[in-house]
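Structure, as structure tokens:
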Amino acid sequence: MRPTVLCFSGLDPSGGAGLQADIEAIGQSGAHAAIACTALTVQNSQQVFGFEATSKALLLAQANAVVNDLPIRCVKSGMLGTTDNIAALADFLREHPDYYYVLDPVLVANSGGSLGDQATLVKAFVELIPLATLLTPNTVELRALTGEDDLELATQKLFAMGAKAVLVKGGHEDTPDHIRNALYIDGELISETRCPRLEGEYHGSGCSLASFIAGRLALGDELQAAVNYAETWLFGVLKQAESPVPNGQKIPKRF
Ligand code: PLP
């Protein structure tokens with residue numbers, strides 16, 4: 001049986017983001033994906049219409065059902081939706097300190113739609129940050145999590161909050177011709193990658209990247225190798241992304 005990543009993530013009916021992105025990306029990384037579903041969202045490639053979160057009890061029941069069943073090496077979280085779900089995941093991770101944990105601190109959809117109450121989610125994430133092997137915030141999430149506008153100071157603040165490693169994703173920064181990602185481990189800048197900025201908006205790019213990293217960690221890669229492999233893979237699947245409608249975000253073609 002392939003090493004498994006257990007994802008705590010929500011359903012996106014468009015198939016671009018959320019648990020479908022996780023399953024496809026982890027499959028492409030070579031690992032097996034299992035899902036504890038945190039929420040059912042109602043959205044398409046253009047906007048989020050709403051969501052209903054899973055109860056804490058049901059979320060934990062899903063995760064616990066596979067713990068002794070699958071060779072779980074890594075947990076990945078995306079949309080958690082409620083502070084109850086964040087607390088449930090924190091309890092679960094404390095019971096399984098041997099799992100790697102990739103925390104993608106999802107607050108809003110790329111289309112701008114709400115995936116939970118941002119202020120309460122930000123406060124609750126404080127409990128998860130020290131449990132993570134790697135955090136993968138974009139710069140909007142990084143600023144929201146730390147309340148700090150300067151990116152270097154914000155990153156250092158995450159380390160002060162207990163982070164072990166942080167991949168800062170620069171897609172939301174005003175760099176018209178490229179995107180810069182920066183990987184920090186224990187507060188130190190370890191690697192910087194720049195790729196050309198592709199035209200358009202993408203749905204599920206963050207989910208795909210974090211999940212591919214989680215898959216490679218589950219398979220035994222070192223953190224920096226897993227991140228760099230995932231960045232190269234993501235650029236390829238975004239290059240061939242498909243536009244469902246002229247105004248929608250593009251859906252990465254992960255196969
Ligand atoms: N998880 C779910 C269920 C979502 O619907 C979204 C965005 O719509 C995300 C996560 C985050 O997506 P992205 O990878 O585009 O940041």
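Just remember, in the structure tokens the first chain shown is A, the second B, etc., residues are 1-based per chain, and ligands are 1-based in the order shown.
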- Message: Write out as a ChimeraX atom specification the set of residues from region 18-190 of chain A that DSSP, computed on the backbone, places in strand (DSSP E or B).
- Response: /A:32-43,48-53,72-77,100-103,108,114,134-135,138,165-169,178-185,188-190
- Test item: residues at most 12 Å from Ser191 (chain A), only C-alpha atoms, excluding those fewer than 6 positions along its chain, as a ChimeraX atom specification: /A:165-168,180-185,223-225,227-228,231
Store the residues picked out above in a file with N, CA, C and O atoms, as a PDB file, in the first residue's frame.
```pdb
ATOM      1  N   ALA A 165       8.473  25.547   9.715  1.00  0.00           N
ATOM      2  CA  ALA A 165       8.870  25.864   8.335  1.00  0.00           C
ATOM      3  C   ALA A 165       7.695  26.548   7.645  1.00  0.00           C
ATOM      4  O   ALA A 165       6.534  26.223   7.911  1.00  0.00           O
ATOM      5  N   VAL A 166       8.025  27.509   6.768  1.00  0.00           N
ATOM      6  CA  VAL A 166       6.982  28.296   6.105  1.00  0.00           C
ATOM      7  C   VAL A 166       7.354  28.473   4.637  1.00  0.00           C
ATOM      8  O   VAL A 166       8.471  28.894   4.323  1.00  0.00           O
ATOM      9  N   LEU A 167       6.413  28.137   3.753  1.00  0.00           N
ATOM     10  CA  LEU A 167       6.576  28.448   2.330  1.00  0.00           C
ATOM     11  C   LEU A 167       5.668  29.649   2.033  1.00  0.00           C
ATOM     12  O   LEU A 167       4.437  29.527   2.076  1.00  0.00           O
ATOM     13  N   VAL A 168       6.297  30.801   1.773  1.00  0.00           N
ATOM     14  CA  VAL A 168       5.530  32.021   1.472  1.00  0.00           C
ATOM     15  C   VAL A 168       5.322  32.070  -0.035  1.00  0.00           C
ATOM     16  O   VAL A 168       6.288  32.118  -0.807  1.00  0.00           O
ATOM     17  N   ARG A 180       7.354  34.869  -6.959  1.00  0.00           N
ATOM     18  CA  ARG A 180       8.467  34.431  -6.110  1.00  0.00           C
ATOM     19  C   ARG A 180       7.903  33.687  -4.912  1.00  0.00           C
ATOM     20  O   ARG A 180       7.033  34.190  -4.203  1.00  0.00           O
ATOM     21  N   ASN A 181       8.374  32.464  -4.715  1.00  0.00           N
ATOM     22  CA  ASN A 181       8.056  31.712  -3.500  1.00  0.00           C
ATOM     23  C   ASN A 181       9.320  31.636  -2.650  1.00  0.00           C
ATOM     24  O   ASN A 181      10.431  31.541  -3.194  1.00  0.00           O
ATOM     25  N   ALA A 182       9.155  31.661  -1.336  1.00  0.00           N
ATOM     26  CA  ALA A 182      10.325  31.609  -0.454  1.00  0.00           C
ATOM     27  C   ALA A 182      10.079  30.579   0.640  1.00  0.00           C
ATOM     28  O   ALA A 182       9.052  30.619   1.315  1.00  0.00           O
ATOM     29  N   LEU A 183      11.044  29.664   0.792  1.00  0.00           N
ATOM     30  CA  LEU A 183      10.938  28.627   1.827  1.00  0.00           C
ATOM     31  C   LEU A 183      11.850  28.981   2.997  1.00  0.00           C
ATOM     32  O   LEU A 183      13.055  29.184   2.811  1.00  0.00           O
ATOM     33  N   TYR A 184      11.255  29.064   4.175  1.00  0.00           N
ATOM     34  CA  TYR A 184      11.995  29.334   5.414  1.00  0.00           C
ATOM     35  C   TYR A 184      11.910  28.103   6.315  1.00  0.00           C
ATOM     36  O   TYR A 184      10.839  27.517   6.457  1.00  0.00           O
ATOM     37  N   ILE A 185      13.053  27.729   6.869  1.00  0.00           N
ATOM     38  CA  ILE A 185      13.051  26.663   7.876  1.00  0.00           C
ATOM     39  C   ILE A 185      13.697  27.229   9.138  1.00  0.00           C
ATOM     40  O   ILE A 185      14.781  27.844   9.058  1.00  0.00           O
ATOM     41  N   LEU A 223      12.143  18.045   3.135  1.00  0.00           N
ATOM     42  CA  LEU A 223      11.195  19.151   2.953  1.00  0.00           C
ATOM     43  C   LEU A 223      11.517  20.019   1.729  1.00  0.00           C
ATOM     44  O   LEU A 223      10.655  20.288   0.887  1.00  0.00           O
ATOM     45  N   GLN A 224      12.775  20.448   1.609  1.00  0.00           N
ATOM     46  CA  GLN A 224      13.110  21.351   0.497  1.00  0.00           C
ATOM     47  C   GLN A 224      12.923  20.656  -0.857  1.00  0.00           C
ATOM     48  O   GLN A 224      12.410  21.244  -1.809  1.00  0.00           O
ATOM     49  N   ALA A 225      13.299  19.387  -0.922  1.00  0.00           N
ATOM     50  CA  ALA A 225      13.125  18.635  -2.178  1.00  0.00           C
ATOM     51  C   ALA A 225      11.647  18.490  -2.498  1.00  0.00           C
ATOM     52  O   ALA A 225      11.223  18.651  -3.659  1.00  0.00           O
ATOM     53  N   VAL A 227       9.210  20.492  -1.635  1.00  0.00           N
ATOM     54  CA  VAL A 227       8.665  21.798  -2.043  1.00  0.00           C
ATOM     55  C   VAL A 227       9.080  22.108  -3.485  1.00  0.00           C
ATOM     56  O   VAL A 227       8.250  22.497  -4.317  1.00  0.00           O
ATOM     57  N   ASN A 228      10.360  21.917  -3.792  1.00  0.00           N
ATOM     58  CA  ASN A 228      10.819  22.267  -5.139  1.00  0.00           C
ATOM     59  C   ASN A 228      10.192  21.369  -6.206  1.00  0.00           C
ATOM     60  O   ASN A 228       9.825  21.830  -7.292  1.00  0.00           O
ATOM     61  N   GLU A 231       6.633  22.614  -6.725  1.00  0.00           N
ATOM     62  CA  GLU A 231       6.562  23.883  -7.480  1.00  0.00           C
ATOM     63  C   GLU A 231       6.706  23.619  -8.979  1.00  0.00           C
ATOM     64  O   GLU A 231       5.976  24.198  -9.792  1.00  0.00           O
TER      65      GLU A 231
END
```
Sorted per-residue table, chain A near ligand 1, closest atoms and distance, 9 Å, only C-alpha atoms and all ligand atoms, as a Markdown table:
```
| residue | atom | partner | partner_atom_place_in_ligand_line | distance |
| --- | --- | --- | --- | --- |
| A:Ser9 | CA | ligand 1 | 1 (N) | 6.1 |
| A:Gly10 | CA | ligand 1 | 3 (C) | 3.8 |
| A:Leu11 | CA | ligand 1 | 3 (C) | 4.9 |
| A:Asp12 | CA | ligand 1 | 5 (O) | 4.8 |
| A:Pro13 | CA | ligand 1 | 5 (O) | 8.3 |
| A:Ser14 | CA | ligand 1 | 5 (O) | 8.6 |
| A:Gly15 | CA | ligand 1 | 5 (O) | 8.9 |
| A:Gly16 | CA | ligand 1 | 8 (O) | 7.7 |
| A:Ala17 | CA | ligand 1 | 12 (O) | 5.0 |
| A:Gly18 | CA | ligand 1 | 1 (N) | 3.6 |
| A:Leu19 | CA | ligand 1 | 3 (C) | 6.6 |
| A:Gln20 | CA | ligand 1 | 3 (C) | 8.8 |
| A:Ala21 | CA | ligand 1 | 14 (O) | 8.0 |
| A:Thr38 | CA | ligand 1 | 3 (C) | 8.4 |
| A:Ala39 | CA | ligand 1 | 3 (C) | 7.2 |
| A:Leu40 | CA | ligand 1 | 3 (C) | 7.4 |
| A:Thr41 | CA | ligand 1 | 3 (C) | 6.2 |
| A:Val42 | CA | ligand 1 | 5 (O) | 8.2 |
| A:Gln43 | CA | ligand 1 | 5 (O) | 7.2 |
| A:Asn44 | CA | ligand 1 | 8 (O) | 8.4 |
| A:Ser45 | CA | ligand 1 | 8 (O) | 8.1 |
| A:Gln47 | CA | ligand 1 | 8 (O) | 8.1 |
| A:Val48 | CA | ligand 1 | 8 (O) | 7.1 |
| A:Phe51 | CA | ligand 1 | 3 (C) | 8.9 |
| A:Ser77 | CA | ligand 1 | 1 (N) | 9.0 |
| A:Gly78 | CA | ligand 1 | 10 (C) | 5.3 |
| A:Met79 | CA | ligand 1 | 1 (N) | 4.4 |
| A:Leu80 | CA | ligand 1 | 1 (N) | 8.1 |
| A:Gly81 | CA | ligand 1 | 3 (C) | 8.8 |
| A:Asp104 | CA | ligand 1 | 16 (O) | 8.4 |
| A:Pro105 | CA | ligand 1 | 11 (C) | 8.9 |
| A:Val106 | CA | ligand 1 | 11 (C) | 5.8 |
| A:Leu107 | CA | ligand 1 | 11 (C) | 7.8 |
| A:Val108 | CA | ligand 1 | 7 (C) | 6.7 |
| A:Ala109 | CA | ligand 1 | 7 (C) | 3.7 |
| A:Asn110 | CA | ligand 1 | 15 (O) | 4.7 |
| A:Ser111 | CA | ligand 1 | 8 (O) | 6.8 |
| A:Gly112 | CA | ligand 1 | 8 (O) | 8.3 |
| A:Gly113 | CA | ligand 1 | 8 (O) | 7.5 |
| A:Ser114 | CA | ligand 1 | 8 (O) | 8.8 |
| A:Leu115 | CA | ligand 1 | 5 (O) | 7.1 |
| A:Asn138 | CA | ligand 1 | 16 (O) | 8.3 |
| A:Glu201 | CA | ligand 1 | 15 (O) | 8.9 |
| A:Tyr202 | CA | ligand 1 | 15 (O) | 6.5 |
| A:His203 | CA | ligand 1 | 15 (O) | 4.3 |
| A:Gly204 | CA | ligand 1 | 14 (O) | 3.2 |
| A:Ser205 | CA | ligand 1 | 14 (O) | 4.3 |
| A:Gly206 | CA | ligand 1 | 14 (O) | 3.4 |
| A:Cys207 | CA | ligand 1 | 14 (O) | 3.9 |
| A:Ser208 | CA | ligand 1 | 14 (O) | 6.4 |
| A:Leu209 | CA | ligand 1 | 14 (O) | 7.9 |
| A:Ala210 | CA | ligand 1 | 14 (O) | 8.6 |
```
- Message: Please return, as a ChimeraX atom specification, all residues of region 42-168 of chain A that DSSP assigns to alpha helix (DSSP H) on the basis of the backbone.
- Response: /A:56-67,83-95,118-128,139-146,151-160
- Message: List the spatial neighbours of Leu238 (chain A) as a PyMOL selection string - criterion: any atom at most 9 Å away, only C-alpha atoms, same-chain residues fewer than 3 positions off excluded.
- Response: chain A and resi 198+202+205+233-235+241-242+250-254
- Which of A:Gly50, A:His172, A:Gly116, A:Leu93 sits closest to Asn64 (chain A) [using only C-alpha atoms]: A:Leu93
- Message: Please list as a ChimeraX atom specification every residue within 9 Å of Thr146 (chain A), counting only C-alpha atoms and excluding residues in the same chain fewer than 4 positions away.
- Response: /A:122,141-142,154-155,157-158,161
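Computed from the coordinates, the CA of Ala124 (chain A) to CA of Thr82 (chain A) distance equals 8.9 Å.
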